[in-house]
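One structure is given below, encoded as C-alpha cells.
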Amino acid sequence: MPVHNSDIAAILSRLADLLEIEGANRFRVRAYRTAARAIEGLPSSVASLVADKKDLTELPGIGEDLAGKLKEIVETGRLSLLDEVTARTPGELAELARLPGLGPKRVKVLYDQLHIQSLQDLAQAAQGGRVRELAGFGKKTEDNILAELGRHRQSEQRIKLMVAEEVAEPLLAHLRKTGGVKQAIIAGSYRRRRQTVRDLDILVTCRKSADVMKRFVTYDDVDQIVSQGATRSTVVLRSGVHVDLRVVPDESYGAALQYFTGSKAHNIALRTRAVKRGLKVNEYGVFRGERRVAGATEEKVYEAIGLPYIEPELRENRGEIEAAAKRKLPRLITRNDLRGDLHCHTKASDGHATIEQMAKAARDHGYGYVAISDHTQHVTVAHGMDAKRFAKHLQDIERVNERLDRITVLKSAEVDILEDGSLDLPDEILMELDLAVCAIHSKFNLSRARQTERVIRAMDSPYFTIFAHPTGRLVNEREPYEIDLERIMLAARERGCFLEVNAQPVRMDLSDVHCKMAKDMGLKVAVSTDAHSTTDFELIRFGIDQARRGWLEPKDVLNTRTWANLKKLLKRK
C-alpha cells in the first residue's frame, strides 16, 4: 500500500496531540508537530526517498530519531510509538484536542470532570448545558464548541487541495500508462482549484475501455470498489476520497470535460444562455435539434454558445459569463509572472534553512528578490527575535547580499500586530527594513470591531507594508477570526498598504472572494509562500490558484514587478 506524506503527517500530528494530553515534554511535542508540518508541505514523497535510500535527516526538522520513525511508517504503515500511546489514551481525546478553542488542557478537564471521551460525548454535554458549568468554560465557550462541532462535521467531507493532489496525481499517472489511453484529466473542483475537494472525477478517452477500467479498480491505493462498468467505475481510496472514472468518446470529450468541471452554477448559467440561442448543452456535446454542433474540445463548446474560452478557475457563476460575452475576461496571472517572494523564514526564527540557502533556492526558482521575514519576539513559539537580535539579523542579510549575485535579499520581518495595534519592533529597527509583513498571531477572539480597529491602528504606522494571512483561517482546522475586511482594504488603500495571498496550503488566505474584492477596490496584493524551507517555494502554485480564482491579473499583484519598480510602489504615501 502506498504511504502518502499526508498519512505520515497525520500520524505525527496525532502522536503530538496524545503526548500533549499526557503532559509530555513540550519540546518533544513541538518536534513532532514541526515534523508533521514539514512533511505535509514537502513537494517530494517521503516513501520515494526511503525507497531510494536517501538520508531523511536532510529534510527540514528531521533528526536521527524522527528519520527512523518516518522509515517505520513508510515500511509498515504504522508507528509503534503511536500504537503504545493510543492504547493508554481514552477514547477520541486526540480528536477533541484538535477542535478550535479546546486544546489538551481543556480536553483533560472535560475528561476528568465530565468523563467526555468522544466528539459525541462532547456534543451531548454541550447541548445539555453541562460544559458551561465547568471552571474556565462558560456559556460562550459552550456555544463556540457546538459551532465548531458543526463545522467539524462539514469539513470532514472535504480534503485540502494539496492532500487531494497527493492522491490524485499518482493515480492519474497510473491511468495514463494504460495502453491505448489518449487523454486523461481530473475535472471537478480539483480542476477549478478550490481550496478543498470532496471527490475526484477523472475523464479518459481511449481505444479500449476495459483495459483502463481494470487498471483503475486494481490500483494499489483502492480501498473499496463501489461499482465497475464498461464506461464508468467508482472506487474509494484509502484516504476516503471517492473517485469516479468515466470513459468518453473523442467527439464528446470537450463537452464532458466542461460539464464535469462545473461548477453547477456556471453550467446552469451556460445552459440558460444556450437555450436562448436554440441550443442544448450536456455532457455529450452542444446540439441544435438532433445535430451535434460542438463537443470535441471545450473551446468549441464555448464558441458554439458565442463565448471565448473561460478558464476553469473562473467557473463559479460570479460574472465570468457576462465578462466573456463582453470580451472582458481577465488575463489571469501565472507562476511565470512572479519576479520574487515577499514572505519567507529562516533558522533565525522558525525556518529550517539559513538566509543564504533560502536566497539561493529563491534564485533557483527564477526570482530576482526574496524577502526574509522572520518572526518578532511576541511569537515565542516561533523563536521570534527581539530588537537586539533583529539588528544582528539585518547585518547577516547584508553580508549575504554582498556574497550573492542575481538575487537581492530584502530586509523584512513578520511583525506581530499586538492587541493595542502597536507593532512588535521599535521604529529604529522597522525603519531599516525594506518592507514589513505584519500579522496577527494572538487574541483571535476579539470582537469584529476591536479586531478591525487593531489592524487599522497598526496600518497607521509608516512602516506597515503588507497585512499577512489577513483572516487567520486554517483550512478545515480554524475558522477566520472576526474582522471587517472591506474596512481593512479601504484603510490599506488610503494608507498605501497591501494585503497578502498566503500560499501555504493550510492557509490560502486571502480567499478567492476576497482577492476579487481587493481587485475591485484597486488594492494590490502580494502572492507569497510564507516559506519555512527551501522546498516550500514550490507551494507558490496554491497562491497562484487562489489569485486566479479571484480574477487577479499580473498588474494586480505586487511581486510581478522587478525590485526596482516594486520599491517605488512600496513607498508609503
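Residue numbers start at 1 in each chain; chains themselves are named A, B, ... in the order of the C-alpha cells; ligands are numbered from 1 in the order shown.
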
What residues in stretch 359-539 of chain A get the DSSP label strand (DSSP E)? Please answer as a list in words.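 Listing strand (DSSP E) positions across stretch 359-539 of chain A yields Tyr369, Val370, Ala371, Ile372, Thr408, Val409, Leu410, Lys411, Glu414, Val415, Asp416, Val437, Cys438, Ala439, Ile466, Phe467, Phe498, Leu499, Glu500, Val501, Asn502, Val525, Ala526, Val527 and Ser528 of chain A.
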
Write out as JSON, numbers by chain the residues lying within 7 Å of stretch 177-192 of chain A, counting only C-alpha atoms and excluding same-chain residues fewer than 2 positions away. {"A": [173, 174, 175, 194, 197, 200, 201, 202, 203, 204, 205, 206, 207, 208, 212, 257, 260, 261, 262, 312, 313]}

Kindly save the residues from that selection, with N, CA and C atoms included, as an mmCIF file, in the first residue's frame.
```cif
data_model
loop_
_atom_site.group_PDB
_atom_site.id
_atom_site.type_symbol
_atom_site.label_atom_id
_atom_site.label_comp_id
_atom_site.auth_asym_id
_atom_site.auth_seq_id
_atom_site.Cartn_x
_atom_site.Cartn_y
_atom_site.Cartn_z
ATOM 1 N N ALA A 173 -1.314 9.493 -13.206
ATOM 2 C CA ALA A 173 -0.134 8.990 -13.910
ATOM 3 C C ALA A 173 -0.253 7.490 -14.163
ATOM 4 N N HIS A 174 -0.804 6.779 -13.188
ATOM 5 C CA HIS A 174 -1.028 5.327 -13.302
ATOM 6 C C HIS A 174 -1.968 5.026 -14.472
ATOM 7 N N LEU A 175 -3.041 5.775 -14.595
ATOM 8 C CA LEU A 175 -4.016 5.542 -15.665
ATOM 9 C C LEU A 175 -3.454 5.897 -17.035
ATOM 10 N N ARG A 194 -10.290 24.670 -6.264
ATOM 11 C CA ARG A 194 -10.875 25.095 -4.999
ATOM 12 C C ARG A 194 -9.969 24.677 -3.856
ATOM 13 N N VAL A 197 -11.506 19.737 -1.686
ATOM 14 C CA VAL A 197 -12.078 18.861 -2.708
ATOM 15 C C VAL A 197 -12.882 17.767 -2.013
ATOM 16 N N LEU A 200 -13.169 13.092 -6.654
ATOM 17 C CA LEU A 200 -12.431 13.283 -7.896
ATOM 18 C C LEU A 200 -13.207 12.695 -9.068
ATOM 19 N N ASP A 201 -13.270 13.444 -10.161
ATOM 20 C CA ASP A 201 -13.887 12.981 -11.404
ATOM 21 C C ASP A 201 -12.811 12.917 -12.468
ATOM 22 N N ILE A 202 -12.520 11.733 -12.951
ATOM 23 C CA ILE A 202 -11.493 11.556 -13.974
ATOM 24 C C ILE A 202 -12.153 11.184 -15.296
ATOM 25 N N LEU A 203 -11.755 11.885 -16.358
ATOM 26 C CA LEU A 203 -12.263 11.600 -17.698
ATOM 27 C C LEU A 203 -11.134 11.047 -18.556
ATOM 28 N N VAL A 204 -11.464 10.035 -19.349
ATOM 29 C CA VAL A 204 -10.468 9.366 -20.186
ATOM 30 C C VAL A 204 -11.041 9.142 -21.574
ATOM 31 N N THR A 205 -10.201 9.323 -22.592
ATOM 32 C CA THR A 205 -10.521 8.811 -23.925
ATOM 33 C C THR A 205 -9.488 7.735 -24.235
ATOM 34 N N CYS A 206 -9.929 6.649 -24.810
ATOM 35 C CA CYS A 206 -9.024 5.529 -25.037
ATOM 36 C C CYS A 206 -9.561 4.621 -26.142
ATOM 37 N N ARG A 207 -8.736 3.662 -26.557
ATOM 38 C CA ARG A 207 -9.164 2.724 -27.591
ATOM 39 C C ARG A 207 -10.034 1.614 -27.009
ATOM 40 N N LYS A 208 -9.688 1.157 -25.781
ATOM 41 C CA LYS A 208 -10.393 0.019 -25.197
ATOM 42 C C LYS A 208 -10.679 0.303 -23.731
ATOM 43 N N VAL A 212 -8.502 0.215 -19.240
ATOM 44 C CA VAL A 212 -8.320 1.301 -18.272
ATOM 45 C C VAL A 212 -9.184 1.074 -17.036
ATOM 46 N N LEU A 257 -15.751 17.294 -20.393
ATOM 47 C CA LEU A 257 -14.797 17.993 -19.533
ATOM 48 C C LEU A 257 -15.403 19.278 -18.990
ATOM 49 N N PHE A 260 -18.290 18.222 -16.375
ATOM 50 C CA PHE A 260 -17.857 17.649 -15.097
ATOM 51 C C PHE A 260 -16.865 18.545 -14.353
ATOM 52 N N THR A 261 -16.327 19.553 -15.044
ATOM 53 C CA THR A 261 -15.513 20.543 -14.325
ATOM 54 C C THR A 261 -16.411 21.448 -13.494
ATOM 55 N N GLY A 262 -17.600 21.760 -14.018
ATOM 56 C CA GLY A 262 -18.511 22.617 -13.269
ATOM 57 C C GLY A 262 -18.060 24.066 -13.331
ATOM 58 N N PRO A 312 -10.926 27.399 -16.128
ATOM 59 C CA PRO A 312 -11.643 26.623 -15.104
ATOM 60 C C PRO A 312 -11.763 27.327 -13.759
ATOM 61 N N GLU A 313 -10.706 28.063 -13.352
ATOM 62 C CA GLU A 313 -10.733 28.716 -12.039
ATOM 63 C C GLU A 313 -11.828 29.770 -11.920
#
```

Tell me, in Å to one decimal, how far atom CA of A:Gln195 is from atom CA of A:Leu161.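 Interatomic distance here is 5.3 Å.
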
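Among A:Glu165, A:Asp83, A:Asp374, A:Glu92, the residue with the shortest atom-to-atom distance to A:Glu40, counting only C-alpha atoms, is A:Glu165.
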
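Distances here use only C-alpha atoms; by that measure, the residue among A:Val513, A:Leu12, A:Ala361, A:Leu314 closest to A:Leu79 is A:Leu12.
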
Taking the DSSP assignment computed from this structure's backbone, write out as a PyMOL selection string all residues of stretch 298-516 of chain A that belong to alpha helix (DSSP H). chain A and resi 298-304+320-325+355-364+387-403+427-430+448-459+485-495+512-516

Any chance you could export the current selection's C-alpha atoms as a CSV table (one decimal), in the first residue's frame?
```csv
chain,number,residue,atom,x,y,z
A,298,GLU,CA,-14.0,22.9,-24.5
A,299,GLU,CA,-13.0,25.8,-26.8
A,300,LYS,CA,-15.5,24.6,-29.4
A,301,VAL,CA,-18.2,24.2,-26.7
A,302,TYR,CA,-17.9,27.8,-25.6
A,303,GLU,CA,-17.5,29.1,-29.1
A,304,ALA,CA,-20.8,27.4,-30.1
A,320,GLU,CA,-17.5,35.3,-15.8
A,321,ILE,CA,-20.1,34.5,-18.4
A,322,GLU,CA,-21.1,38.2,-18.6
A,323,ALA,CA,-17.5,39.2,-18.8
A,324,ALA,CA,-16.8,36.6,-21.5
A,325,ALA,CA,-19.8,37.9,-23.5
A,355,ILE,CA,19.5,33.1,4.8
A,356,GLU,CA,21.9,32.1,2.1
A,357,GLN,CA,20.2,28.8,1.5
A,358,MET,CA,16.8,30.4,1.2
A,359,ALA,CA,18.2,33.1,-1.2
A,360,LYS,CA,19.8,30.5,-3.4
A,361,ALA,CA,16.6,28.5,-3.5
A,362,ALA,CA,14.6,31.6,-4.5
A,363,ARG,CA,17.2,32.3,-7.2
A,364,ASP,CA,16.9,28.7,-8.5
A,387,ALA,CA,15.3,44.3,18.7
A,388,LYS,CA,18.9,43.3,19.5
A,389,ARG,CA,18.7,40.0,17.7
A,390,PHE,CA,17.0,41.6,14.8
A,391,ALA,CA,19.7,44.3,14.4
A,392,LYS,CA,22.3,41.5,14.1
A,393,HIS,CA,20.0,39.5,11.8
A,394,LEU,CA,19.8,42.5,9.4
A,395,GLN,CA,23.5,42.7,9.3
A,396,ASP,CA,23.6,39.0,8.4
A,397,ILE,CA,21.3,39.7,5.5
A,398,GLU,CA,23.6,42.5,4.2
A,399,ARG,CA,26.5,40.1,4.3
A,400,VAL,CA,24.6,37.5,2.2
A,401,ASN,CA,23.8,40.2,-0.3
A,402,GLU,CA,27.5,41.0,-0.6
A,403,ARG,CA,28.2,37.4,-1.5
A,427,ASP,CA,10.8,52.1,15.0
A,428,GLU,CA,14.6,52.3,14.8
A,429,ILE,CA,14.5,48.7,13.6
A,430,LEU,CA,11.4,49.0,11.4
A,448,ARG,CA,-15.1,42.2,15.0
A,449,ALA,CA,-14.9,45.9,15.8
A,450,ARG,CA,-11.9,45.6,18.0
A,451,GLN,CA,-10.0,43.2,15.7
A,452,THR,CA,-10.6,45.6,12.8
A,453,GLU,CA,-9.5,48.7,14.7
A,454,ARG,CA,-6.4,46.8,15.9
A,455,VAL,CA,-5.3,46.3,12.3
A,456,ILE,CA,-6.1,49.8,11.1
A,457,ARG,CA,-4.2,51.3,14.1
A,458,ALA,CA,-1.2,49.1,13.0
A,459,MET,CA,-1.5,50.4,9.5
A,485,LEU,CA,-12.0,43.0,5.6
A,486,GLU,CA,-13.8,45.7,3.5
A,487,ARG,CA,-12.9,48.3,6.0
A,488,ILE,CA,-9.3,46.9,6.2
A,489,MET,CA,-9.0,47.1,2.5
A,490,LEU,CA,-10.2,50.6,2.3
A,491,ALA,CA,-7.8,51.6,5.1
A,492,ALA,CA,-4.9,49.9,3.3
A,493,ARG,CA,-5.7,51.6,0.0
A,494,GLU,CA,-5.8,55.0,1.8
A,495,ARG,CA,-2.5,54.4,3.6
A,512,ASP,CA,-10.7,33.8,-3.7
A,513,VAL,CA,-13.7,36.0,-2.9
A,514,HIS,CA,-11.5,38.5,-1.0
A,515,CYS,CA,-9.0,38.5,-3.8
A,516,LYS,CA,-11.8,39.7,-6.1
```
